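Participant: File follows, model_33.json with JSON, C-alpha atoms:
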```
[["chain", "number", "residue", "atom", "x", "y", "z"],
["Q", 1, "MET", "CA", -4.46, -23.90, -67.38],
["Q", 2, "LYS", "CA", -4.75, -20.12, -67.36],
["Q", 3, "THR", "CA", -6.79, -20.11, -64.13],
["Q", 4, "SER", "CA", -4.25, -22.30, -62.32],
["Q", 5, "LYS", "CA", -1.43, -19.91, -63.31],
["Q", 6, "THR", "CA", -3.54, -16.95, -62.18],
["Q", 7, "MET", "CA", -4.34, -18.74, -58.93],
["Q", 8, "LEU", "CA", -0.66, -19.58, -58.37],
["Q", 9, "ILE", "CA", 0.45, -15.98, -59.01],
["Q", 10, "SER", "CA", -2.35, -14.61, -56.79],
["Q", 11, "SER", "CA", -1.40, -17.00, -53.98],
["Q", 12, "LEU", "CA", 2.27, -16.11, -54.28],
["Q", 13, "PHE", "CA", 1.42, -12.40, -54.23],
["Q", 14, "ALA", "CA", -0.79, -12.88, -51.15],
["Q", 15, "ILE", "CA", 1.99, -14.74, -49.33],
["Q", 16, "ILE", "CA", 4.50, -11.99, -50.10],
["Q", 17, "VAL", "CA", 2.12, -9.23, -48.98],
["Q", 18, "LEU", "CA", 1.17, -11.06, -45.77],
["Q", 19, "SER", "CA", 4.83, -11.75, -44.99],
["Q", 20, "SER", "CA", 5.67, -8.08, -45.45],
["Q", 21, "VAL", "CA", 2.78, -6.97, -43.24],
["Q", 22, "THR", "CA", 3.87, -9.44, -40.54],
["Q", 23, "ILE", "CA", 7.40, -8.04, -40.55],
["Q", 24, "LEU", "CA", 6.09, -4.48, -40.31],
["Q", 25, "LEU", "CA", 3.65, -5.31, -37.50],
["Q", 26, "GLU", "CA", 6.25, -7.24, -35.51],
["Q", 27, "ASN", "CA", 7.91, -3.98, -34.43],
["Q", 28, "ALA", "CA", 4.61, -2.55, -33.24],
["Q", 29, "TRP", "CA", 4.02, -5.11, -30.48],
["Q", 30, "GLY", "CA", 4.65, -4.30, -26.83],
["Q", 31, "HIS", "CA", 7.33, -5.84, -24.66],
["Q", 32, "GLY", "CA", 5.52, -9.08, -23.86],
["Q", 33, "VAL", "CA", 3.72, -8.14, -20.65],
["Q", 34, "GLN", "CA", 0.22, -9.45, -20.15],
["Q", 35, "ALA", "CA", -2.67, -7.04, -20.66],
["Q", 36, "GLN", "CA", -3.69, -7.19, -16.99],
["Q", 37, "LEU", "CA", -0.79, -5.48, -15.27],
["Q", 38, "GLN", "CA", -2.54, -4.77, -11.98],
["Q", 39, "SER", "CA", -4.12, -7.17, -9.55],
["Q", 40, "ARG", "CA", -7.73, -6.44, -8.64],
["Q", 41, "PHE", "CA", -6.85, -7.20, -5.02],
["Q", 42, "ILE", "CA", -3.68, -5.23, -4.34],
["Q", 43, "ARG", "CA", -2.50, -2.36, -6.53],
["Q", 44, "VAL", "CA", 1.16, -1.40, -7.10],
["Q", 45, "THR", "CA", 1.33, 2.41, -7.21],
["Q", 46, "ASP", "CA", 3.94, 5.19, -7.22],
["Q", 47, "GLU", "CA", 6.57, 2.83, -8.67],
["Q", 48, "THR", "CA", 9.87, 4.71, -9.06],
["Q", 49, "PHE", "CA", 13.35, 3.63, -10.13],
["Q", 50, "SER", "CA", 16.57, 5.16, -8.79],
["Q", 51, "THR", "CA", 18.18, 5.20, -12.25],
["Q", 52, "GLN", "CA", 17.52, 4.31, -15.88],
["Q", 53, "THR", "CA", 21.13, 3.46, -16.83],
["Q", 54, "LEU", "CA", 23.74, 1.52, -14.91],
["Q", 55, "GLU", "CA", 26.80, -0.69, -15.27],
["Q", 56, "THR", "CA", 26.90, -4.37, -14.35],
["Q", 57, "GLY", "CA", 27.63, -4.68, -10.64],
["Q", 58, "GLU", "CA", 25.77, -1.45, -9.84],
["Q", 59, "GLU", "CA", 22.52, -1.36, -7.89],
["Q", 60, "ILE", "CA", 19.09, -0.02, -8.72],
["Q", 61, "GLU", "CA", 16.38, 0.64, -6.15],
["Q", 62, "ILE", "CA", 12.69, 0.26, -6.94],
["Q", 63, "ARG", "CA", 10.24, 1.95, -4.57],
["Q", 64, "GLY", "CA", 6.49, 2.17, -4.45],
["Q", 65, "THR", "CA", 3.31, 1.60, -2.49],
["Q", 66, "LEU", "CA", 1.06, -1.46, -2.29],
["Q", 67, "ILE", "CA", -2.61, -0.62, -1.74],
["Q", 68, "SER", "CA", -4.91, -3.37, -0.50],
["Q", 69, "LEU", "CA", -8.34, -3.21, -2.17],
["Q", 70, "VAL", "CA", -9.90, -6.07, -0.18],
["Q", 71, "ASN", "CA", -11.44, -6.50, 3.28],
["Q", 72, "ARG", "CA", -9.16, -9.33, 4.36],
["Q", 73, "ASP", "CA", -5.52, -9.76, 5.24],
["Q", 74, "THR", "CA", -3.36, -11.25, 2.50],
["Q", 75, "ARG", "CA", 0.09, -12.83, 2.29],
["Q", 76, "ALA", "CA", 2.36, -11.75, -0.53],
["Q", 77, "TRP", "CA", 5.94, -11.55, -1.73],
["Q", 78, "LEU", "CA", 7.74, -9.13, -4.02],
["Q", 79, "SER", "CA", 9.92, -9.92, -6.99],
["Q", 80, "VAL", "CA", 10.96, -8.21, -10.21],
["Q", 81, "PHE", "CA", 9.54, -9.06, -13.62],
["Q", 82, "SER", "CA", 12.16, -8.38, -16.28],
["Q", 83, "ASP", "CA", 11.67, -8.46, -20.03],
["Q", 84, "SER", "CA", 14.79, -7.84, -22.10],
["Q", 85, "THR", "CA", 16.46, -7.94, -25.50],
["Q", 86, "ASN", "CA", 18.81, -10.68, -24.32],
["Q", 87, "ALA", "CA", 18.04, -14.09, -22.87],
["Q", 88, "GLY", "CA", 19.74, -13.41, -19.55],
["Q", 89, "ASN", "CA", 17.39, -11.30, -17.43],
["Q", 90, "ARG", "CA", 20.00, -11.50, -14.71],
["Q", 91, "TRP", "CA", 19.52, -9.62, -11.46],
["Q", 92, "GLU", "CA", 20.60, -10.34, -7.89],
["Q", 93, "PHE", "CA", 18.39, -9.31, -4.96],
["Q", 94, "LEU", "CA", 20.30, -7.38, -2.30],
["Q", 95, "ALA", "CA", 17.51, -6.12, -0.02],
["Q", 96, "ARG", "CA", 13.73, -6.11, 0.34],
["Q", 97, "ASP", "CA", 11.53, -3.91, 2.47],
["Q", 98, "PRO", "CA", 9.26, -5.24, 3.91],
["Q", 99, "PRO", "CA", 12.03, -7.66, 4.85],
["Q", 100, "GLY", "CA", 11.91, -11.39, 4.25],
["Q", 101, "ASN", "CA", 10.39, -13.26, 1.40],
["Q", 102, "VAL", "CA", 6.72, -13.43, 2.46],
["Q", 103, "PHE", "CA", 4.89, -10.68, 4.35],
["Q", 104, "ASP", "CA", 1.33, -9.80, 5.38],
["Q", 105, "ILE", "CA", -0.72, -6.94, 3.98],
["Q", 106, "SER", "CA", -3.58, -5.87, 6.24],
["Q", 107, "ALA", "CA", -7.06, -5.36, 4.85],
["Q", 108, "ASN", "CA", -7.58, -1.97, 3.14],
["Q", 109, "SER", "CA", -4.09, -0.77, 4.05],
["Q", 110, "GLU", "CA", -1.07, 0.73, 2.30],
["Q", 111, "VAL", "CA", 2.43, -0.71, 2.50],
["Q", 112, "ASP", "CA", 5.49, 1.15, 1.22],
["Q", 113, "TYR", "CA", 8.10, -1.11, -0.33],
["Q", 114, "SER", "CA", 11.60, -0.98, -1.75],
["Q", 115, "LEU", "CA", 13.71, -3.50, -3.64],
["Q", 116, "ARG", "CA", 17.45, -3.22, -4.20],
["Q", 117, "ILE", "CA", 18.83, -5.36, -7.01],
["Q", 118, "LYS", "CA", 22.22, -5.62, -8.70],
["Q", 119, "ALA", "CA", 22.63, -5.92, -12.48],
["Q", 120, "LEU", "CA", 24.62, -9.00, -13.50],
["Q", 121, "GLU", "CA", 24.29, -8.86, -17.29],
["Q", 122, "ALA", "CA", 24.19, -6.09, -19.89],
["Q", 123, "GLY", "CA", 21.00, -5.52, -21.84],
["Q", 124, "VAL", "CA", 17.94, -3.32, -22.28],
["Q", 125, "TYR", "CA", 15.44, -4.40, -19.64],
["Q", 126, "HIS", "CA", 11.88, -3.41, -18.95],
["Q", 127, "LEU", "CA", 11.55, -3.90, -15.19],
["Q", 128, "HIS", "CA", 8.32, -4.14, -13.21],
["Q", 129, "THR", "CA", 7.63, -4.68, -9.54],
["Q", 130, "GLN", "CA", 5.88, -8.04, -9.40],
["Q", 131, "LEU", "CA", 3.62, -8.59, -6.41],
["Q", 132, "ASN", "CA", 2.70, -12.23, -5.95],
["Q", 133, "VAL", "CA", -0.41, -12.63, -3.78],
["Q", 134, "GLN", "CA", -0.92, -16.02, -2.12],
["Q", 135, "GLY", "CA", -3.81, -17.93, -3.65],
["Q", 136, "ILE", "CA", -4.41, -15.22, -6.26],
["Q", 137, "GLY", "CA", -1.33, -14.77, -8.43],
["Q", 138, "PRO", "CA", 0.89, -11.98, -9.69],
["Q", 139, "GLY", "CA", 0.25, -8.32, -10.42],
["Q", 140, "LEU", "CA", 2.70, -5.89, -11.98],
["Q", 141, "GLY", "CA", 3.63, -2.27, -11.48],
["Q", 142, "ALA", "CA", 3.80, 0.12, -14.45],
["Q", 143, "GLY", "CA", 7.49, -0.57, -15.05],
["Q", 144, "GLN", "CA", 10.46, 1.30, -16.47],
["Q", 145, "THR", "CA", 13.02, 0.65, -19.20],
["Q", 146, "VAL", "CA", 16.52, 0.28, -17.78],
["Q", 147, "VAL", "CA", 19.75, 0.05, -19.81],
["Q", 148, "VAL", "CA", 22.62, -1.98, -18.34],
["Q", 149, "GLU", "CA", 26.10, -1.88, -19.88],
["Q", 150, "GLY", "CA", 29.32, -3.71, -19.02],
["Q", 151, "GLU", "CA", 30.79, -7.18, -18.81],
["Q", 152, "PRO", "CA", 28.62, -9.98, -17.39],
["Q", 153, "ILE", "CA", 29.13, -11.00, -13.79],
["Q", 154, "VAL", "CA", 29.08, -14.78, -13.45],
["Q", 155, "LYS", "CA", 27.85, -16.04, -10.08],
["Q", 156, "PRO", "CA", 28.98, -19.57, -9.20],
["Q", 157, "VAL", "CA", 26.24, -22.08, -8.53],
["Q", 158, "SER", "CA", 26.87, -24.32, -5.54],
["Q", 159, "THR", "CA", 26.80, -28.08, -6.01],
["Q", 160, "GLY", "CA", 24.40, -28.33, -3.06],
["Q", 161, "SER", "CA", 21.86, -26.13, -4.88],
["Q", 162, "VAL", "CA", 22.07, -28.24, -8.02],
["Q", 163, "ILE", "CA", 21.63, -31.47, -6.04],
["Q", 164, "TYR", "CA", 18.71, -30.02, -4.05],
["Q", 165, "GLN", "CA", 16.94, -28.80, -7.22],
["Q", 166, "SER", "CA", 17.52, -32.17, -8.89],
["Q", 167, "ILE", "CA", 15.94, -33.97, -5.92],
["Q", 168, "VAL", "CA", 12.93, -31.63, -5.95],
["Q", 169, "ILE", "CA", 12.45, -32.11, -9.71],
["Q", 170, "ALA", "CA", 12.84, -35.90, -9.40],
["Q", 171, "ALA", "CA", 10.29, -36.01, -6.57],
["Q", 172, "GLY", "CA", 7.85, -33.92, -8.62],
["Q", 173, "LEU", "CA", 8.28, -36.22, -11.61],
["Q", 174, "GLY", "CA", 7.82, -39.26, -9.35],
["Q", 175, "VAL", "CA", 4.55, -37.89, -7.97],
["Q", 176, "SER", "CA", 3.42, -36.95, -11.49],
["Q", 177, "PHE", "CA", 4.09, -40.42, -12.88],
["Q", 178, "ALA", "CA", 2.64, -42.16, -9.80],
["Q", 179, "THR", "CA", -0.66, -40.30, -10.08],
["Q", 180, "LYS", "CA", -0.88, -40.37, -13.90],
["Q", 181, "PRO", "CA", -3.27, -43.38, -14.10],
["Q", 182, "TRP", "CA", -5.73, -41.62, -11.80],
["Q", 183, "GLN", "CA", -5.92, -38.56, -14.07],
["Q", 184, "VAL", "CA", -7.66, -40.61, -16.78],
["Q", 185, "ILE", "CA", -10.54, -41.68, -14.54]]
```
Could you quickly redo this structure as structure tokens?
Facilitator:
Amino acid sequence: MKTSKTMLISSLFAIIVLSSVTILLENAWGHGVQAQLQSRFIRVTDETFSTQTLETGEEIEIRGTLISLVNRDTRAWLSVFSDSTNAGNRWEFLARDPPGNVFDISANSEVDYSLRIKALEAGVYHLHTQLNVQGIGPGLGAGQTVVVEGEPIVKPVSTGSVIYQSIVIAAGLGVSFATKPWQVI
């Protein structure tokens, strides 16, 4: 009987200590970005941000250089990875240079880039340039913490966009269910 009480008290003490350590360690973690920030194929360098604080509706410009580390041409597109204290992560793209969504990066070359985005929701964001390389995946720039204050800006969503996305999702589900029996073989 004495050993079961000792075991119960020891277990309870261990749970309390481990819970306390978990709470203390939780604040020591990073901001949720994967360990491999840079692509081995194209490096994001000299990433700079036009400001660190802004109001909703104001713009921020992100500039930098993309350096190709491979002996072949690649296709890529730029976006922004945003980790924040709120669930919104809301930004609107205003301009991209190189222009367009997808562009080519020549073998062993350097490409200067700039992104202009508008803040739509207040929060503390950690922004990174995200370079998505076709057939390879994403790579991130070093990033910068940006504080946005002000009232949220709500952008209306068109009915056409909702219908289009619903059709795309339904088609994807249809293909998934149609090919499901073949995945077992």
Participant: Using all atoms listed in the file, which protein or nucleic acid residues come within 12 Å of Asp112 of chain Q? Drop anything in the same chain fewer than 6 positions from it, and give the result as a PyMOL selection string.
Facilitator: chain Q and resi 43-48+62-68+78+96-99+105
Participant: List every protein, DNA or RNA residue that has at least one atom no more than 7 Å from (15.0, -4.5, -21.2) in the file's coordinates, counting only C-alpha atoms, and write the result as a ChimeraX atom specification.
Facilitator: /Q:82-85,123-127,145-147
Participant: Atom CA of Val70 of chain Q to atom CA of Arg116 of chain Q: how many Å, to one decimal?
Facilitator: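 Distance reported for this atom pair: 27.8 Å.
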Participant: Which one of Q:Gln144, Q:Ile42, Q:Glu61, Q:Ser166 sits closest to Ser106 of chain Q if you count all atoms listed in the file?
Facilitator: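 Checking each candidate against Ser106 of chain Q, we get Q:Ile42 as the closest.
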Participant: Do you have the atom CA of Ser109 of chain Q-atom CA of His128 of chain Q distance handy?
Facilitator: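 Between atom CA of Ser109 of chain Q and atom CA of His128 of chain Q the gap works out to 21.5 Å.
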Participant: Could you work out how far atom CA of Pro138 of chain Q lies from atom CA of Ile117 of chain Q, giving the answer in Å with one decimal?
Facilitator: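 Computing the Euclidean distance for atom CA of Ile117 of chain Q and atom CA of Pro138 of chain Q yields 19.3 Å.
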Participant: Given the choices Q:Ala142, Q:Ile9, Q:Ile60, Q:Ile136, which gets closest to Ser114 of chain Q if the distance is worked out from all atoms listed in the file?
Facilitator: Q:Ile60
